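Engineer: Below you'll find structure-v7.cif; it's mmCIF, N, CA and C atoms.
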```cif
data_target
#
loop_
_atom_site.label_atom_id
_atom_site.label_comp_id
_atom_site.auth_asym_id
_atom_site.auth_seq_id
_atom_site.Cartn_x
_atom_site.Cartn_y
_atom_site.Cartn_z
N MET G 1 128.46 -49.21 21.41
CA MET G 1 127.08 -48.90 21.13
C MET G 1 126.87 -47.40 21.32
N LYS G 2 126.26 -46.76 20.34
CA LYS G 2 126.02 -45.33 20.41
C LYS G 2 124.98 -45.03 21.48
N VAL G 3 125.05 -43.81 22.01
CA VAL G 3 124.13 -43.41 23.07
C VAL G 3 122.68 -43.54 22.61
N TRP G 4 122.38 -43.09 21.38
CA TRP G 4 120.99 -43.14 20.94
C TRP G 4 120.53 -44.57 20.70
N ASP G 5 121.45 -45.49 20.37
CA ASP G 5 121.08 -46.89 20.24
C ASP G 5 120.65 -47.47 21.59
N ARG G 6 121.38 -47.09 22.64
CA ARG G 6 121.01 -47.52 23.99
C ARG G 6 119.64 -46.98 24.36
N ASP G 7 119.37 -45.74 23.99
CA ASP G 7 118.08 -45.14 24.32
C ASP G 7 116.94 -45.79 23.55
N ILE G 8 117.17 -46.18 22.31
CA ILE G 8 116.13 -46.87 21.55
C ILE G 8 115.85 -48.22 22.18
N LEU G 9 116.90 -48.96 22.52
CA LEU G 9 116.75 -50.25 23.19
C LEU G 9 116.08 -50.06 24.56
N GLY G 10 116.51 -49.06 25.29
CA GLY G 10 115.93 -48.80 26.61
C GLY G 10 114.48 -48.37 26.53
N ALA G 11 114.14 -47.53 25.57
CA ALA G 11 112.75 -47.10 25.41
C ALA G 11 111.87 -48.30 25.07
N PHE G 12 112.37 -49.20 24.22
CA PHE G 12 111.60 -50.39 23.86
C PHE G 12 111.40 -51.29 25.08
N ALA G 13 112.46 -51.54 25.85
CA ALA G 13 112.35 -52.37 27.04
C ALA G 13 111.42 -51.73 28.07
N SER G 14 111.52 -50.43 28.24
CA SER G 14 110.66 -49.72 29.20
C SER G 14 109.21 -49.76 28.75
N PHE G 15 108.98 -49.61 27.44
CA PHE G 15 107.61 -49.67 26.93
C PHE G 15 107.01 -51.05 27.17
N LEU G 16 107.78 -52.11 26.92
CA LEU G 16 107.27 -53.45 27.18
C LEU G 16 106.96 -53.65 28.65
N CYS G 17 107.81 -53.12 29.50
CA CYS G 17 107.60 -53.21 30.94
C CYS G 17 106.32 -52.47 31.34
N ALA G 18 106.15 -51.25 30.84
CA ALA G 18 104.96 -50.47 31.15
C ALA G 18 103.70 -51.15 30.63
N LEU G 19 103.78 -51.71 29.44
CA LEU G 19 102.65 -52.41 28.86
C LEU G 19 102.27 -53.62 29.71
N HIS G 20 103.27 -54.36 30.15
CA HIS G 20 103.04 -55.51 31.03
C HIS G 20 102.34 -55.07 32.31
N CYS G 21 102.80 -53.99 32.91
CA CYS G 21 102.20 -53.51 34.15
C CYS G 21 100.78 -52.99 33.93
N ALA G 22 100.57 -52.27 32.85
CA ALA G 22 99.25 -51.70 32.58
C ALA G 22 98.22 -52.79 32.29
N LEU G 23 98.64 -53.85 31.63
CA LEU G 23 97.72 -54.91 31.25
C LEU G 23 97.68 -56.06 32.25
N PHE G 24 98.35 -55.92 33.38
CA PHE G 24 98.46 -57.01 34.35
C PHE G 24 97.11 -57.60 34.76
N PRO G 25 96.08 -56.77 35.08
CA PRO G 25 94.80 -57.38 35.48
C PRO G 25 94.19 -58.26 34.38
N ILE G 26 94.32 -57.86 33.15
CA ILE G 26 93.79 -58.66 32.03
C ILE G 26 94.65 -59.91 31.84
N LEU G 27 95.97 -59.71 31.92
CA LEU G 27 96.88 -60.84 31.73
C LEU G 27 96.70 -61.89 32.82
N LEU G 28 96.33 -61.44 34.01
CA LEU G 28 96.15 -62.34 35.14
C LEU G 28 95.13 -63.43 34.83
N THR G 29 94.11 -63.10 34.07
CA THR G 29 93.09 -64.10 33.73
C THR G 29 93.36 -64.80 32.41
N LEU G 30 93.94 -64.12 31.43
CA LEU G 30 94.11 -64.72 30.11
C LEU G 30 95.32 -65.61 29.95
N LEU G 31 96.45 -65.22 30.53
CA LEU G 31 97.69 -65.97 30.28
C LEU G 31 97.66 -67.41 30.77
N PRO G 32 97.09 -67.69 31.95
CA PRO G 32 97.02 -69.12 32.34
C PRO G 32 96.18 -69.95 31.38
N LEU G 33 95.15 -69.34 30.80
CA LEU G 33 94.33 -70.07 29.83
C LEU G 33 95.12 -70.40 28.57
N LEU G 34 96.08 -69.56 28.23
CA LEU G 34 96.90 -69.76 27.04
C LEU G 34 98.18 -70.54 27.34
N GLY G 35 98.38 -70.91 28.60
CA GLY G 35 99.59 -71.64 28.97
C GLY G 35 100.82 -70.74 29.08
N LEU G 36 100.63 -69.45 29.23
CA LEU G 36 101.74 -68.50 29.30
C LEU G 36 101.85 -67.88 30.70
N HIS G 37 101.56 -68.67 31.71
CA HIS G 37 101.58 -68.16 33.08
C HIS G 37 102.98 -67.73 33.54
N LEU G 38 104.02 -68.13 32.82
CA LEU G 38 105.38 -67.70 33.15
C LEU G 38 105.50 -66.18 33.14
N LEU G 39 104.74 -65.52 32.25
CA LEU G 39 104.80 -64.06 32.14
C LEU G 39 104.23 -63.35 33.37
N LEU G 40 103.59 -64.11 34.26
CA LEU G 40 103.05 -63.53 35.48
C LEU G 40 103.93 -63.84 36.69
N SER G 41 105.00 -64.57 36.47
CA SER G 41 105.82 -65.00 37.61
C SER G 41 106.66 -63.86 38.17
N ARG G 42 107.01 -64.01 39.40
CA ARG G 42 107.82 -63.01 40.09
C ARG G 42 109.22 -62.91 39.46
N SER G 43 109.76 -64.02 39.02
CA SER G 43 111.09 -63.99 38.41
C SER G 43 111.07 -63.27 37.05
N PHE G 44 109.98 -63.41 36.30
CA PHE G 44 109.86 -62.69 35.03
C PHE G 44 109.79 -61.18 35.29
N GLU G 45 109.01 -60.80 36.30
CA GLU G 45 108.91 -59.37 36.63
C GLU G 45 110.24 -58.82 37.12
N LEU G 46 110.98 -59.61 37.89
CA LEU G 46 112.30 -59.17 38.33
C LEU G 46 113.23 -59.01 37.13
N GLY G 47 113.15 -59.92 36.19
CA GLY G 47 113.96 -59.81 34.97
C GLY G 47 113.62 -58.56 34.18
N MET G 48 112.34 -58.24 34.10
CA MET G 48 111.92 -57.02 33.39
C MET G 48 112.43 -55.78 34.12
N LEU G 49 112.32 -55.79 35.44
CA LEU G 49 112.80 -54.66 36.24
C LEU G 49 114.30 -54.47 36.07
N LEU G 50 115.04 -55.56 36.15
CA LEU G 50 116.49 -55.46 36.01
C LEU G 50 116.91 -55.04 34.60
N THR G 51 116.20 -55.54 33.60
CA THR G 51 116.53 -55.17 32.22
C THR G 51 116.22 -53.70 31.96
N ALA G 52 114.98 -53.30 32.22
CA ALA G 52 114.58 -51.91 31.96
C ALA G 52 115.36 -50.94 32.85
N GLY G 53 115.50 -51.28 34.13
CA GLY G 53 116.23 -50.42 35.06
C GLY G 53 117.72 -50.35 34.76
N GLY G 54 118.29 -51.49 34.40
CA GLY G 54 119.72 -51.52 34.09
C GLY G 54 120.07 -50.73 32.84
N ILE G 55 119.28 -50.92 31.80
CA ILE G 55 119.52 -50.15 30.57
C ILE G 55 119.30 -48.66 30.84
N ALA G 56 118.27 -48.34 31.62
CA ALA G 56 117.98 -46.93 31.93
C ALA G 56 119.12 -46.30 32.71
N ALA G 57 119.62 -46.98 33.73
CA ALA G 57 120.72 -46.42 34.53
C ALA G 57 121.97 -46.23 33.68
N TRP G 58 122.29 -47.22 32.88
CA TRP G 58 123.46 -47.14 32.01
C TRP G 58 123.32 -45.99 31.03
N SER G 59 122.18 -45.91 30.39
CA SER G 59 121.94 -44.86 29.40
C SER G 59 121.90 -43.48 30.05
N ALA G 60 121.30 -43.38 31.24
CA ALA G 60 121.20 -42.09 31.93
C ALA G 60 122.57 -41.55 32.29
N PHE G 61 123.41 -42.36 32.87
CA PHE G 61 124.73 -41.89 33.27
C PHE G 61 125.61 -41.55 32.08
N ARG G 62 125.56 -42.37 31.05
CA ARG G 62 126.35 -42.08 29.85
C ARG G 62 125.83 -40.81 29.16
N GLY G 63 124.51 -40.68 29.10
CA GLY G 63 123.92 -39.49 28.48
C GLY G 63 124.21 -38.23 29.27
N PHE G 64 124.13 -38.33 30.60
CA PHE G 64 124.37 -37.16 31.45
C PHE G 64 125.81 -36.66 31.28
N ARG G 65 126.73 -37.58 31.12
CA ARG G 65 128.12 -37.17 30.89
C ARG G 65 128.26 -36.40 29.59
N LEU G 66 127.40 -36.70 28.63
CA LEU G 66 127.46 -36.03 27.34
C LEU G 66 126.73 -34.68 27.34
N HIS G 67 125.50 -34.66 27.86
CA HIS G 67 124.71 -33.42 27.77
C HIS G 67 124.57 -32.67 29.08
N GLY G 68 124.75 -33.30 30.22
CA GLY G 68 124.76 -32.63 31.51
C GLY G 68 123.43 -32.08 32.00
N ARG G 69 122.31 -32.56 31.52
CA ARG G 69 121.00 -32.04 31.93
C ARG G 69 120.40 -32.89 33.05
N PRO G 70 120.19 -32.29 34.22
CA PRO G 70 119.71 -33.05 35.37
C PRO G 70 118.24 -33.48 35.29
N LEU G 71 117.42 -32.79 34.51
CA LEU G 71 116.01 -33.15 34.41
C LEU G 71 115.82 -34.56 33.86
N THR G 72 116.63 -34.91 32.89
CA THR G 72 116.56 -36.25 32.32
C THR G 72 116.95 -37.30 33.37
N MET G 73 117.95 -37.00 34.16
CA MET G 73 118.35 -37.92 35.24
C MET G 73 117.20 -38.10 36.23
N LEU G 74 116.49 -37.02 36.53
CA LEU G 74 115.35 -37.08 37.44
C LEU G 74 114.24 -37.97 36.87
N LEU G 75 113.98 -37.85 35.58
CA LEU G 75 112.97 -38.71 34.95
C LEU G 75 113.37 -40.18 35.03
N PHE G 76 114.64 -40.47 34.75
CA PHE G 76 115.13 -41.85 34.87
C PHE G 76 114.97 -42.36 36.31
N ALA G 77 115.39 -41.54 37.27
CA ALA G 77 115.33 -41.96 38.68
C ALA G 77 113.89 -42.21 39.13
N CYS G 78 112.97 -41.32 38.76
CA CYS G 78 111.56 -41.50 39.14
C CYS G 78 110.97 -42.75 38.48
N GLY G 79 111.30 -42.98 37.22
CA GLY G 79 110.80 -44.16 36.53
C GLY G 79 111.28 -45.45 37.18
N ILE G 80 112.57 -45.50 37.49
CA ILE G 80 113.12 -46.70 38.14
C ILE G 80 112.52 -46.89 39.53
N LEU G 81 112.36 -45.81 40.27
CA LEU G 81 111.76 -45.89 41.61
C LEU G 81 110.33 -46.43 41.55
N LEU G 82 109.54 -45.93 40.62
CA LEU G 82 108.16 -46.41 40.49
C LEU G 82 108.12 -47.88 40.08
N LEU G 83 109.02 -48.30 39.22
CA LEU G 83 109.08 -49.73 38.86
C LEU G 83 109.44 -50.59 40.07
N MET G 84 110.38 -50.10 40.87
CA MET G 84 110.77 -50.86 42.07
C MET G 84 109.63 -50.93 43.07
N LEU G 85 108.90 -49.84 43.24
CA LEU G 85 107.73 -49.86 44.13
C LEU G 85 106.72 -50.90 43.66
N GLY G 86 106.50 -50.94 42.37
CA GLY G 86 105.57 -51.91 41.82
C GLY G 86 106.02 -53.34 42.03
N PHE G 87 107.32 -53.57 41.97
CA PHE G 87 107.82 -54.93 42.17
C PHE G 87 107.73 -55.36 43.63
N PHE G 88 108.14 -54.49 44.53
CA PHE G 88 108.18 -54.88 45.94
C PHE G 88 106.83 -54.84 46.63
N PHE G 89 105.87 -54.10 46.08
CA PHE G 89 104.52 -54.04 46.66
C PHE G 89 103.50 -54.46 45.63
N GLN G 90 103.75 -55.55 44.94
CA GLN G 90 102.96 -55.93 43.78
C GLN G 90 101.55 -56.40 44.08
N HIS G 91 101.19 -56.65 45.31
CA HIS G 91 99.85 -57.17 45.58
C HIS G 91 98.81 -56.06 45.73
N ASP G 92 99.23 -54.82 45.71
CA ASP G 92 98.31 -53.69 45.74
C ASP G 92 97.95 -53.30 44.32
N GLU G 93 96.66 -53.21 44.02
CA GLU G 93 96.23 -52.86 42.68
C GLU G 93 96.72 -51.49 42.23
N PRO G 94 96.66 -50.43 43.07
CA PRO G 94 97.16 -49.12 42.61
C PRO G 94 98.65 -49.14 42.27
N VAL G 95 99.38 -50.07 42.84
CA VAL G 95 100.82 -50.12 42.60
C VAL G 95 101.12 -50.53 41.16
N HIS G 96 100.27 -51.34 40.56
CA HIS G 96 100.48 -51.70 39.16
C HIS G 96 100.36 -50.46 38.28
N SER G 97 99.49 -49.54 38.65
CA SER G 97 99.39 -48.29 37.91
C SER G 97 100.67 -47.49 38.05
N LEU G 98 101.25 -47.50 39.26
CA LEU G 98 102.52 -46.80 39.46
C LEU G 98 103.63 -47.45 38.65
N SER G 99 103.62 -48.76 38.57
CA SER G 99 104.64 -49.46 37.77
C SER G 99 104.51 -49.09 36.31
N ALA G 100 103.28 -49.07 35.81
CA ALA G 100 103.07 -48.70 34.41
C ALA G 100 103.53 -47.25 34.18
N LEU G 101 103.22 -46.37 35.12
CA LEU G 101 103.66 -44.99 35.02
C LEU G 101 105.19 -44.91 35.02
N GLY G 102 105.83 -45.72 35.85
CA GLY G 102 107.29 -45.77 35.89
C GLY G 102 107.88 -46.21 34.56
N GLY G 103 107.27 -47.21 33.95
CA GLY G 103 107.74 -47.66 32.64
C GLY G 103 107.58 -46.59 31.58
N PHE G 104 106.45 -45.90 31.59
CA PHE G 104 106.24 -44.83 30.62
C PHE G 104 107.16 -43.64 30.89
N LEU G 105 107.47 -43.36 32.16
CA LEU G 105 108.46 -42.31 32.47
C LEU G 105 109.82 -42.67 31.90
N LEU G 106 110.18 -43.95 31.98
CA LEU G 106 111.46 -44.37 31.41
C LEU G 106 111.46 -44.22 29.89
N VAL G 107 110.35 -44.51 29.25
CA VAL G 107 110.27 -44.30 27.79
C VAL G 107 110.50 -42.83 27.47
N ILE G 108 109.82 -41.94 28.21
CA ILE G 108 109.97 -40.50 27.99
C ILE G 108 111.41 -40.07 28.26
N ALA G 109 112.00 -40.60 29.32
CA ALA G 109 113.38 -40.25 29.66
C ALA G 109 114.35 -40.70 28.56
N HIS G 110 114.14 -41.89 28.02
CA HIS G 110 115.01 -42.37 26.94
C HIS G 110 114.87 -41.50 25.69
N VAL G 111 113.65 -41.13 25.35
CA VAL G 111 113.44 -40.28 24.17
C VAL G 111 114.10 -38.93 24.39
N GLN G 112 113.91 -38.37 25.59
CA GLN G 112 114.53 -37.08 25.91
C GLN G 112 116.06 -37.18 25.89
N ASN G 113 116.58 -38.24 26.47
CA ASN G 113 118.03 -38.45 26.50
C ASN G 113 118.58 -38.59 25.08
N ASN G 114 117.84 -39.30 24.25
CA ASN G 114 118.24 -39.49 22.85
C ASN G 114 118.35 -38.14 22.15
N ARG G 115 117.35 -37.30 22.30
CA ARG G 115 117.38 -35.96 21.69
C ARG G 115 118.54 -35.13 22.22
N GLN G 116 118.74 -35.18 23.52
CA GLN G 116 119.79 -34.36 24.13
C GLN G 116 121.18 -34.84 23.76
N CYS G 117 121.35 -36.12 23.58
CA CYS G 117 122.66 -36.64 23.19
C CYS G 117 122.97 -36.32 21.73
N ARG G 118 121.96 -36.18 20.92
CA ARG G 118 122.18 -35.81 19.52
C ARG G 118 122.55 -34.34 19.39
N HIS G 119 122.09 -33.53 20.33
CA HIS G 119 122.33 -32.08 20.29
C HIS G 119 122.89 -31.60 21.62
N PRO G 120 124.08 -32.08 22.02
CA PRO G 120 124.63 -31.70 23.33
C PRO G 120 125.00 -30.23 23.43
N ALA G 121 125.09 -29.52 22.31
CA ALA G 121 125.47 -28.11 22.32
C ALA G 121 124.41 -27.25 23.00
N ARG G 122 123.18 -27.75 23.09
CA ARG G 122 122.10 -27.00 23.74
C ARG G 122 122.03 -27.31 25.23
N ALA G 123 123.13 -27.61 25.85
CA ALA G 123 123.14 -28.05 27.24
C ALA G 123 122.63 -26.98 28.19
N GLY G 124 122.51 -25.75 27.80
CA GLY G 124 122.04 -24.71 28.69
C GLY G 124 120.54 -24.73 28.89
N SER G 125 119.80 -25.37 27.98
CA SER G 125 118.34 -25.38 28.12
C SER G 125 117.90 -26.53 29.03
N LEU G 126 116.68 -26.42 29.56
CA LEU G 126 116.18 -27.44 30.48
C LEU G 126 115.47 -28.57 29.76
N SER G 127 115.19 -28.47 28.50
CA SER G 127 114.41 -29.51 27.80
C SER G 127 115.18 -30.78 27.61
#
```
Turn this file's structure into structure tokens for me.
Structural biologist:
Amino acid sequence: MKVWDRDILGAFASFLCALHCALFPILLTLLPLLGLHLLLSRSFELGMLLTAGGIAAWSAFRGFRLHGRPLTMLLFACGILLLMLGFFFQHDEPVHSLSALGGFLLVIAHVQNNRQCRHPARAGSLS
């Protein structure tokens, strides 16, 4: 799988994760009415965390070996950390905002990693 393919998959998974976290208060009331309460379960959230975080870690390390830019690694690390905080402290309302922010950081990191992997010759710049 090409590096940019991993980043597209990772950005999509991270976006879904961020969307889930951002809409959690609304989903909390609507999904049980629709019979989709599974999407609110702890195991579903763990699966999302492991999927988005796993793809992000894999993509970050492979991308870093190609382009060598530490800022992208920092974005990946911050995104994964915020997602983990949201999972382990999920009963605090502000934490869902942090989880959503973590998911969006991962989307940004994947897009940045994708660009940098396509143009590794610019490894001297910080972008």
Engineer: The PyMOL selection byres ((chain G and resi 47-54) around 6.5) - which residues does that actually catch in the file I just gave you? List them as number ranges by chain.
Structural biologist: G: 10, 13-14, 17, 42-46, 55-59, 80
Engineer: Expressed in Å to a single decimal, how great is the separation between atom CA of Ile26 of chain G and atom C of Ile108 of chain G?
Structural biologist: 25.9 Å
Engineer: In Å, rounded to a single decimal, give me how far atom CA of Gly102 of chain G is from atom N of Gly79 of chain G.
Structural biologist: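 Taking atom N of Gly79 of chain G as the start and atom CA of Gly102 of chain G as the end point, the length is 5.1 Å.
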Engineer: From the options G:Ala22, G:Asp5, G:Arg62, G:Leu71, which residue's atoms come nearest to Ala109 of chain G, counting all atoms listed in the file?
Structural biologist: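 Smallest distance to Ala109 of chain G is found for G:Leu71.
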Engineer: Just want the 6.5 Å neighbourhood of Cys117 of chain G, counted on all atoms listed in the file, with same-chain residues fewer than 5 positions away dropped. Output as a compact mmCIF listing (two decimals) with N, CA and C atoms, in the frame of the given file.
Structural biologist:
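out.txt written:
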```
# COMPACT_ATOMS: atom_id res chain seq x y z
N GLY G 63 124.51 -40.68 29.10
CA GLY G 63 123.92 -39.49 28.48
C GLY G 63 124.21 -38.23 29.27
N LEU G 66 127.40 -36.70 28.63
CA LEU G 66 127.46 -36.03 27.34
C LEU G 66 126.73 -34.68 27.34
N HIS G 67 125.50 -34.66 27.86
CA HIS G 67 124.71 -33.42 27.77
C HIS G 67 124.57 -32.67 29.08
N GLN G 112 113.91 -38.37 25.59
CA GLN G 112 114.53 -37.08 25.91
C GLN G 112 116.06 -37.18 25.89
```
Engineer: Select, from G:Ala60, G:Leu101, G:Ala77, G:Ile8, the residue with the minimum atom-to-atom distance to His20 of chain G, counting only C-alpha atoms.
Structural biologist: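 For His20 of chain G, the nearest of the given residues is G:Leu101.
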Engineer: Give me, please, the distance in Å between atom C of Gly103 of chain G and atom N of Pro120 of chain G, quoted to one decimal.
Structural biologist: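 Interatomic distance here is 24.0 Å.
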Engineer: Need the axis-aligned box for segment 83-86 of chain G with 6 Å each side, so what are the centre and edges in Å to one decimal, as AutoDock Vina command-line options?
Structural biologist:
```
--center_x 108.2 --center_y -50.8 --center_z 41.5 --size_x 17.2 --size_y 17.0 --size_z 17.3
```
Engineer: For each of G:Leu106, G:Met84, G:Asn113, G:Arg118, take the minimum atom-to-atom distance to Ala11 of chain G, counting only N, CA and C atoms, then give the residue where this is smallest.
Structural biologist: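 Once distances to Ala11 of chain G are computed over only N, CA and C atoms, the minimum belongs to G:Leu106.
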Engineer: Using only C-alpha atoms, which residue out of G:Phe61, G:Ser99, G:Ser41, G:His119 lies closest to Phe76 of chain G?
Structural biologist: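 Residue with the minimum atom-to-atom distance to Phe76 of chain G: G:Phe61.
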